[in-house]
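The data block below is my_file-v7.txt; it holds compact mmCIF, C-alpha atoms and all ligand atoms.
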# COMPACT_ATOMS: atom_id res chain seq x y z
CA MET A 25 8.31 -15.13 -10.78
CA LEU A 26 7.16 -14.57 -7.20
CA VAL A 27 8.79 -16.51 -4.37
CA ASP A 28 6.70 -19.55 -3.37
CA ILE A 29 5.43 -17.99 -0.16
CA LEU A 30 3.83 -15.04 -2.00
CA GLN A 31 2.24 -17.33 -4.57
CA LYS A 32 0.11 -18.78 -1.76
CA ILE A 33 -1.82 -15.53 -1.34
CA PRO A 34 -5.03 -15.56 -3.42
CA THR A 35 -4.71 -13.44 -6.56
CA GLU A 36 -8.09 -11.86 -5.83
CA PHE A 37 -10.35 -11.32 -2.85
CA GLU A 38 -13.24 -9.09 -1.87
CA THR A 39 -14.31 -7.01 1.10
CA ALA A 40 -17.73 -5.49 1.84
CA ARG A 41 -17.19 -2.55 -0.49
CA THR A 42 -14.27 -3.60 -2.71
CA GLN A 43 -13.04 -6.13 -5.22
CA ASN A 44 -9.24 -6.60 -5.17
CA ARG A 45 -6.94 -8.39 -7.61
CA MET A 46 -3.25 -8.52 -8.55
CA MET A 47 -2.14 -5.50 -10.58
CA ARG A 48 -1.64 -6.04 -14.32
CA ARG A 49 0.24 -4.13 -17.05
CA ASP A 50 -3.04 -2.95 -18.56
CA ASP A 51 -3.95 -1.15 -15.30
CA ALA A 52 -1.48 1.61 -16.23
CA ALA A 53 -4.04 4.09 -17.60
CA GLN A 54 -6.31 3.83 -14.56
CA MET A 55 -3.41 3.81 -12.10
CA LEU A 56 -2.11 6.99 -13.74
CA HIS A 57 -5.27 8.75 -12.52
CA VAL A 58 -4.25 7.85 -8.96
CA TRP A 59 -0.48 8.37 -9.25
CA SER A 60 -0.65 11.69 -11.11
CA ASP A 61 -2.35 13.45 -8.18
CA PRO A 62 0.40 15.24 -6.19
CA ASP A 63 -1.75 15.07 -3.04
CA VAL A 64 -1.72 11.28 -3.30
CA THR A 65 2.02 10.92 -4.03
CA ARG A 66 3.11 13.66 -1.58
CA PHE A 67 4.11 11.16 1.08
CA MET A 68 4.76 8.15 -1.15
CA ASN A 69 8.38 7.58 -2.00
CA ILE A 70 7.84 7.75 -5.77
CA GLU A 71 8.24 10.47 -8.35
CA ASN A 72 5.05 12.17 -9.46
CA PHE A 73 3.78 10.66 -12.73
CA SER A 74 2.35 12.43 -15.75
CA THR A 75 2.53 9.84 -18.55
CA ILE A 76 1.13 6.39 -19.10
CA ASP A 77 4.63 5.12 -19.91
CA GLN A 78 5.82 6.08 -16.40
CA ALA A 79 2.88 4.18 -14.91
CA ARG A 80 3.63 1.16 -17.14
CA GLU A 81 7.28 1.27 -16.11
CA ILE A 82 6.55 1.16 -12.39
CA ILE A 83 3.98 -1.60 -12.83
CA LEU A 84 6.53 -3.64 -14.80
CA ALA A 85 9.15 -3.05 -12.11
CA ILE A 86 6.72 -4.23 -9.41
CA LEU A 87 5.73 -7.32 -11.43
CA GLN A 88 9.40 -8.27 -11.85
CA GLU A 89 10.09 -8.15 -8.10
CA LYS A 90 10.21 -11.67 -6.61
CA THR A 91 9.55 -10.57 -3.04
CA ALA A 92 6.84 -7.96 -3.70
CA ASN A 93 3.26 -7.94 -4.90
CA ARG A 94 0.64 -5.29 -5.66
CA TYR A 95 -3.15 -5.42 -5.81
CA ILE A 96 -5.57 -2.91 -7.29
CA ILE A 97 -8.69 -1.88 -5.38
CA MET A 98 -11.99 -1.62 -7.25
CA ASP A 99 -15.13 0.02 -5.91
CA LYS A 100 -17.84 -2.67 -6.16
CA MET A 101 -20.52 -0.04 -6.77
CA ASN A 102 -19.08 1.32 -10.04
CA SER A 103 -16.07 -0.93 -10.89
CA GLU A 104 -13.81 2.14 -10.69
CA LEU A 105 -10.12 1.51 -9.88
CA ILE A 106 -9.62 3.55 -6.71
CA GLY A 107 -6.16 2.66 -5.43
CA SER A 108 -3.62 -0.04 -4.76
CA PHE A 109 -1.71 -1.78 -1.97
CA GLY A 110 0.62 -4.68 -1.44
CA ILE A 111 3.87 -6.00 -0.08
CA ASN A 112 6.78 -3.71 -0.97
CA GLU A 113 9.31 -6.17 0.31
CA LEU A 114 9.19 -9.55 2.01
CA ASP A 115 12.13 -10.41 4.25
CA LEU A 116 12.49 -14.17 3.84
CA ASN A 117 14.67 -14.50 6.97
CA THR A 118 12.37 -12.76 9.44
CA LEU A 119 9.09 -13.41 7.54
CA ASN A 120 8.27 -9.71 7.81
CA ALA A 121 6.32 -8.02 5.02
CA GLU A 122 6.61 -4.28 4.49
CA ILE A 123 3.37 -2.92 3.06
CA GLY A 124 2.50 0.14 1.00
CA TYR A 125 -0.87 1.58 -0.09
CA GLU A 126 -2.64 4.54 -1.65
CA LEU A 127 -6.19 5.61 -2.43
CA LYS A 128 -7.73 8.12 -4.83
CA LYS A 129 -8.36 11.39 -2.99
CA SER A 130 -12.14 11.26 -3.48
CA TYR A 131 -12.18 8.04 -1.40
CA TRP A 132 -10.10 9.30 1.55
CA GLY A 133 -11.75 9.26 4.94
CA SER A 134 -14.21 6.49 4.03
CA GLY A 135 -12.47 3.72 6.00
CA ILE A 136 -12.00 1.72 2.78
CA MET A 137 -8.24 1.31 3.18
CA SER A 138 -8.56 -0.08 6.68
CA GLU A 139 -11.28 -2.49 5.45
CA VAL A 140 -9.01 -3.70 2.63
CA LEU A 141 -5.75 -3.94 4.62
CA GLN A 142 -7.42 -5.72 7.54
CA THR A 143 -8.66 -8.44 5.18
CA PHE A 144 -5.40 -8.56 3.20
CA MET A 145 -3.25 -9.01 6.32
CA HIS A 146 -5.58 -11.70 7.67
CA ILE A 147 -5.55 -13.65 4.37
CA THR A 148 -1.78 -13.21 4.04
CA GLN A 149 -0.99 -14.45 7.55
CA SER A 150 -3.33 -17.42 7.30
CA THR A 151 -2.07 -18.57 3.88
CA THR A 152 1.67 -17.88 4.10
CA GLY A 153 2.95 -17.96 7.66
CA ILE A 154 4.20 -14.38 7.32
CA LEU A 155 4.67 -13.29 10.93
CA THR A 156 4.81 -9.51 11.03
CA PHE A 157 3.97 -6.44 8.94
CA THR A 158 5.79 -3.13 8.87
CA ALA A 159 5.12 0.18 7.15
CA LYS A 160 7.37 3.20 6.71
CA VAL A 161 5.60 6.54 7.03
CA ASP A 162 6.60 10.19 6.67
CA PRO A 163 6.17 11.72 10.16
CA GLU A 164 3.84 14.35 8.63
CA ASN A 165 1.51 11.77 7.05
CA ARG A 166 -1.08 11.90 9.83
CA ALA A 167 -3.79 10.03 7.89
CA SER A 168 -1.46 7.08 7.27
CA ILE A 169 -0.23 6.99 10.89
CA LYS A 170 -3.84 7.07 12.14
CA LEU A 171 -4.75 4.28 9.71
CA LEU A 172 -1.84 2.11 10.91
CA GLU A 173 -2.70 2.67 14.57
CA LYS A 174 -6.31 1.73 13.84
CA LEU A 175 -5.02 -1.50 12.27
CA GLY A 176 -3.04 -2.40 15.41
CA PHE A 177 0.41 -1.20 14.34
CA ASP A 178 2.76 0.35 16.91
CA TYR A 179 5.59 2.80 16.40
CA ASP A 180 8.79 0.82 16.16
CA LYS A 181 11.70 3.12 15.30
CA THR A 182 12.85 5.93 13.03
CA VAL A 183 14.85 4.80 10.00
CA THR A 184 16.61 6.61 7.16
CA GLU A 185 15.44 6.20 3.57
CA LEU A 186 16.48 7.63 0.21
CA ASP A 187 13.93 10.20 -0.96
CA MET A 188 13.33 9.33 -4.65
CA ASN A 189 12.26 12.89 -5.43
CA THR A 190 15.05 14.90 -3.81
CA LYS A 191 17.65 12.08 -3.92
CA THR A 192 18.58 12.92 -0.33
CA LEU A 193 18.24 10.89 2.85
CA LYS A 194 15.19 11.48 5.03
CA ASN A 195 13.87 10.13 8.33
CA VAL A 196 10.72 8.02 8.25
CA LYS A 197 8.81 6.34 11.06
CA GLN A 198 8.59 2.56 10.98
CA TYR A 199 5.42 0.98 12.40
CA SER A 200 4.98 -2.75 12.97
CA ARG A 201 2.28 -5.29 13.78
CA GLY A 202 2.57 -8.93 14.88
CA ILE A 203 -0.01 -11.69 14.66
CA ILE A 204 -3.42 -10.53 15.85
C1 LIG B 301 -3.16 6.90 3.85
C2 LIG B 301 -4.54 6.77 3.23
C3 LIG B 301 -4.62 5.47 2.45
C4 LIG B 301 -5.55 6.74 4.37
O1 LIG B 301 -6.81 6.54 3.79
P1 LIG B 301 -8.14 7.01 4.50
O2 LIG B 301 -9.27 6.69 3.58
O3 LIG B 301 -8.04 8.40 5.00
O4 LIG B 301 -8.17 5.98 5.69
P2 LIG B 301 -9.31 5.88 6.74
O5 LIG B 301 -10.59 6.42 6.22
O6 LIG B 301 -9.32 4.48 7.26
O7 LIG B 301 -8.85 6.91 7.86
C5 LIG B 301 -7.76 6.77 8.67
C6 LIG B 301 -7.90 7.69 9.89
O8 LIG B 301 -7.09 8.86 9.69
C7 LIG B 301 -7.87 10.04 9.93
N1 LIG B 301 -7.36 11.09 9.07
C8 LIG B 301 -7.54 11.23 7.75
N2 LIG B 301 -6.87 12.32 7.32
C9 LIG B 301 -6.25 12.86 8.41
C10 LIG B 301 -5.39 13.99 8.63
N3 LIG B 301 -5.02 14.78 7.62
N4 LIG B 301 -4.95 14.25 9.89
C11 LIG B 301 -5.30 13.43 10.91
N5 LIG B 301 -6.09 12.36 10.77
C12 LIG B 301 -6.56 12.07 9.54
C13 LIG B 301 -9.28 9.63 9.63
O9 LIG B 301 -10.20 10.46 10.30
C14 LIG B 301 -9.31 8.20 10.15
O10 LIG B 301 -9.47 8.17 11.56
P3 LIG B 301 -10.87 7.72 12.21
O11 LIG B 301 -11.20 6.37 11.69
O12 LIG B 301 -10.58 7.75 13.67
O13 LIG B 301 -11.85 8.76 11.76
C15 LIG B 301 -4.87 7.95 2.29
O14 LIG B 301 -4.82 9.13 3.03
C16 LIG B 301 -3.93 8.04 1.10
O15 LIG B 301 -4.11 7.35 0.10
N6 LIG B 301 -2.93 8.94 1.17
C17 LIG B 301 -1.99 9.14 0.06
C18 LIG B 301 -1.03 7.98 -0.14
C19 LIG B 301 -0.24 7.68 1.11
O16 LIG B 301 0.16 8.58 1.83
N7 LIG B 301 0.00 6.38 1.33
C20 LIG B 301 0.70 5.91 2.50
C21 LIG B 301 2.18 6.02 2.36
S1 LIG B 301 2.94 5.44 3.88

Can you give me the file's structure in the form of structure tokens?
Ligand SMILES: CC(C)(COP(=O)(O)OP(=O)(O)OC[C@H]1O[C@@H](n2cnc3c(N)ncnc32)[C@H](O)[C@@H]1OP(=O)(O)O)[C@@H](O)C(=O)NCCC(=O)NCCS
Amino acid sequence: MLVDILQKIPTEFETARTQNRMMRRDDAAQMLHVWSDPDVTRFMNIENFSTIDQAREIILAILQEKTANRYIIMDKMNSELIGSFGINELDLNTLNAEIGYELKKSYWGSGIMSEVLQTFMHITQSTTGILTFTAKVDPENRASIKLLEKLGFDYDKTVTELDMNTKTLKNVKQYSRGII
């Protein structure tokens, strides 16, 4: 059960080109198409997936988190599931939400993620009182850094995180954005 503050965010919303709704268990097969592409997961801190059970497992884990949520992104033109995004962790003391996101490779460079995140952050701040957003990015993930800068995030600091693939510690850049 989500904490009250996250329950205030609408479970679905649209943007010019996309329809977005909370992720469900039965999205596993379509999410596997996204998460099984090593180019997509290269800079995401998750293991690369090859089976539907792995996709189901991570969706279940996300749905059980009280301070996290995840939405799927659908292309309005063809109803194809093209990616996901959401709050990885809400800090209830500081009212900061750390976000995460990914898009199918064929949709990269179309500006869709910035369209979706802009709307999501606006809706989230106006419905919940969440104050700030952060994102942790691999220093080599230039597309993600560019996207964050376009969305008004600034480099905050470098933090250490456990790499789920190598099980070693690695440095990632933290970006943050206040109320705009
Ligand atoms: C991060 C991601 C969502 C960005 O999506 P996108 O569709 O490229 O986003 P946008 O189209 O809004 O583009 C962002 C900007 O980065 C630029 N860009 C894209 N790839 C780039 C690259 N390899 N090097 C430098 N800049 C790049 C784009 O040109 C664009 O800038 P512009 O608007 O000035 O032209 C997408 O690359 C992705 O899903 N990557 C895999 C998952 C991932 O890394 N998630 C983030 C984990 S922190």

Any chance you could work out the axis-aligned box around ligand LIG 301 (chain B), listed atoms only, 8 Å on each side, giving centre and edge lengths in Å to one decimal, as lines of an AutoDock Vina configuration file?
center_x = -4.5
center_y = 9.6
center_z = 6.8
size_x = 30.8
size_y = 26.3
size_z = 29.8

* Asked: Distance CA of Phe37 (chain A)-CA of Ile147 (chain A), one decimal place?
  ->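 Separating CA of Phe37 (chain A) from CA of Ile147 (chain A) is a distance of 9.0 Å.
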
* Asked: Which one of A:Asn72, A:Ser138, A:Gln149, A:Ser108 sits closest to ligand LIG 301 (chain B) if you count all atoms listed in the file?
  -> A:Ser138

* Point-to-point distance from CA of Asp178 (chain A) to CA of Arg201 (chain A), Å rounded to tenths ->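 That distance, rounded to one decimal, is 6.5 Å.
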
* To do: Would you list the residues that come within 6 Å of ligand LIG 301 (chain B)? Count only C-alpha atoms and all ligand atoms and give the answer as a PyMOL selection string.
  => chain A and resi 64-65+67-68+125-127+131-138+160-161+166-168+170-171

* Could you tell me which of A:Met188, A:Met98, A:Ile82, A:Val196 comes closest to Ala40 (chain A) if we count all atoms listed in the file? =>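 Smallest distance to Ala40 (chain A) is found for A:Met98.
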
* Asked: Which is closer to Met47 (chain A) than all the others in A:Arg94, A:Lys32, A:Arg66, A:Arg80, using only C-alpha atoms?
  -> A:Arg94

Can you tell me which residues surround Leu114 (chain A) at a distance of at most 6 Å, considering only C-alpha atoms, apart from same-chain residues fewer than 5 positions away, and format the answer as a PDB file with C-alpha atoms, in the frame of the given file?
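Listed below is the output, part-v6.pdb:
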ATOM      1  CA  THR A  91       9.550 -10.570  -3.040  1.00  0.00           C
ATOM      2  CA  ASN A 120       8.270  -9.710   7.810  1.00  0.00           C
ATOM      3  CA  ALA A 121       6.320  -8.020   5.020  1.00  0.00           C
TER       4      ALA A 121
END

* Asked: For Ser200 (chain A), which residue among A:Val140, A:Ala79, A:Ile29, A:Ile123 is the nearest when counting only C-alpha atoms?
  ->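 With only C-alpha atoms as the atom set, the closest residue is A:Ile123.
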
How would region 85-114 of chain A look with N, CA and C atoms restored, written as a short mmCIF file (atom, residue, chain, number, x, y, z; two decimals), keeping the file's coordinate frame?
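Output contents, as saved in result30.cif:
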data_model
loop_
_atom_site.label_atom_id
_atom_site.label_comp_id
_atom_site.auth_asym_id
_atom_site.auth_seq_id
_atom_site.Cartn_x
_atom_site.Cartn_y
_atom_site.Cartn_z
N ALA A 85 8.12 -2.87 -13.14
CA ALA A 85 9.15 -3.05 -12.11
C ALA A 85 8.58 -3.84 -10.93
N ILE A 86 7.35 -3.51 -10.53
CA ILE A 86 6.72 -4.23 -9.41
C ILE A 86 6.52 -5.70 -9.79
N LEU A 87 6.03 -5.94 -11.02
CA LEU A 87 5.73 -7.32 -11.43
C LEU A 87 7.00 -8.18 -11.54
N GLN A 88 8.14 -7.51 -11.73
CA GLN A 88 9.40 -8.27 -11.85
C GLN A 88 10.02 -8.60 -10.50
N GLU A 89 9.55 -7.90 -9.44
CA GLU A 89 10.09 -8.15 -8.10
C GLU A 89 9.64 -9.52 -7.59
N LYS A 90 10.57 -10.33 -7.10
CA LYS A 90 10.21 -11.67 -6.61
C LYS A 90 9.61 -11.62 -5.21
N THR A 91 10.00 -10.60 -4.44
CA THR A 91 9.55 -10.57 -3.04
C THR A 91 8.59 -9.40 -2.80
N ALA A 92 7.83 -9.04 -3.84
CA ALA A 92 6.84 -7.96 -3.70
C ALA A 92 5.60 -8.34 -4.49
N ASN A 93 4.47 -7.78 -4.10
CA ASN A 93 3.26 -7.94 -4.90
C ASN A 93 2.43 -6.66 -4.82
N ARG A 94 1.49 -6.50 -5.70
CA ARG A 94 0.64 -5.29 -5.66
C ARG A 94 -0.75 -5.66 -6.15
N TYR A 95 -1.75 -5.18 -5.46
CA TYR A 95 -3.15 -5.42 -5.81
C TYR A 95 -3.80 -4.08 -6.16
N ILE A 96 -4.77 -4.12 -7.05
CA ILE A 96 -5.57 -2.91 -7.29
C ILE A 96 -6.88 -3.05 -6.50
N ILE A 97 -7.43 -1.90 -6.12
CA ILE A 97 -8.69 -1.88 -5.38
C ILE A 97 -9.77 -1.34 -6.30
N MET A 98 -10.88 -2.08 -6.43
CA MET A 98 -11.99 -1.62 -7.25
C MET A 98 -13.22 -1.39 -6.38
N ASP A 99 -13.88 -0.26 -6.61
CA ASP A 99 -15.13 0.02 -5.91
C ASP A 99 -16.21 -0.88 -6.50
N LYS A 100 -16.83 -1.73 -5.66
CA LYS A 100 -17.84 -2.67 -6.16
C LYS A 100 -19.03 -1.96 -6.79
N MET A 101 -19.32 -0.75 -6.30
CA MET A 101 -20.52 -0.04 -6.77
C MET A 101 -20.42 0.38 -8.23
N ASN A 102 -19.19 0.79 -8.66
CA ASN A 102 -19.08 1.32 -10.04
C ASN A 102 -17.90 0.74 -10.83
N SER A 103 -17.24 -0.28 -10.25
CA SER A 103 -16.07 -0.93 -10.89
C SER A 103 -14.92 0.02 -11.17
N GLU A 104 -14.90 1.17 -10.49
CA GLU A 104 -13.81 2.14 -10.69
C GLU A 104 -12.57 1.66 -9.94
N LEU A 105 -11.38 1.83 -10.55
CA LEU A 105 -10.12 1.51 -9.88
C LEU A 105 -9.80 2.70 -8.95
N ILE A 106 -9.72 2.43 -7.66
CA ILE A 106 -9.62 3.55 -6.71
C ILE A 106 -8.32 3.58 -5.90
N GLY A 107 -7.42 2.63 -6.16
CA GLY A 107 -6.16 2.66 -5.43
C GLY A 107 -5.43 1.34 -5.52
N SER A 108 -4.37 1.21 -4.75
CA SER A 108 -3.62 -0.04 -4.76
C SER A 108 -2.91 -0.23 -3.42
N PHE A 109 -2.43 -1.44 -3.21
CA PHE A 109 -1.71 -1.78 -1.97
C PHE A 109 -0.95 -3.06 -2.23
N GLY A 110 -0.07 -3.40 -1.30
CA GLY A 110 0.62 -4.68 -1.44
C GLY A 110 1.86 -4.74 -0.59
N ILE A 111 2.63 -5.79 -0.83
CA ILE A 111 3.87 -6.00 -0.08
C ILE A 111 5.01 -5.37 -0.88
N ASN A 112 5.64 -4.36 -0.29
CA ASN A 112 6.78 -3.71 -0.97
C ASN A 112 8.00 -4.60 -0.94
N GLU A 113 8.17 -5.30 0.18
CA GLU A 113 9.31 -6.17 0.31
C GLU A 113 9.08 -7.21 1.40
N LEU A 114 9.29 -8.47 1.03
CA LEU A 114 9.19 -9.55 2.01
C LEU A 114 10.59 -9.94 2.43
#
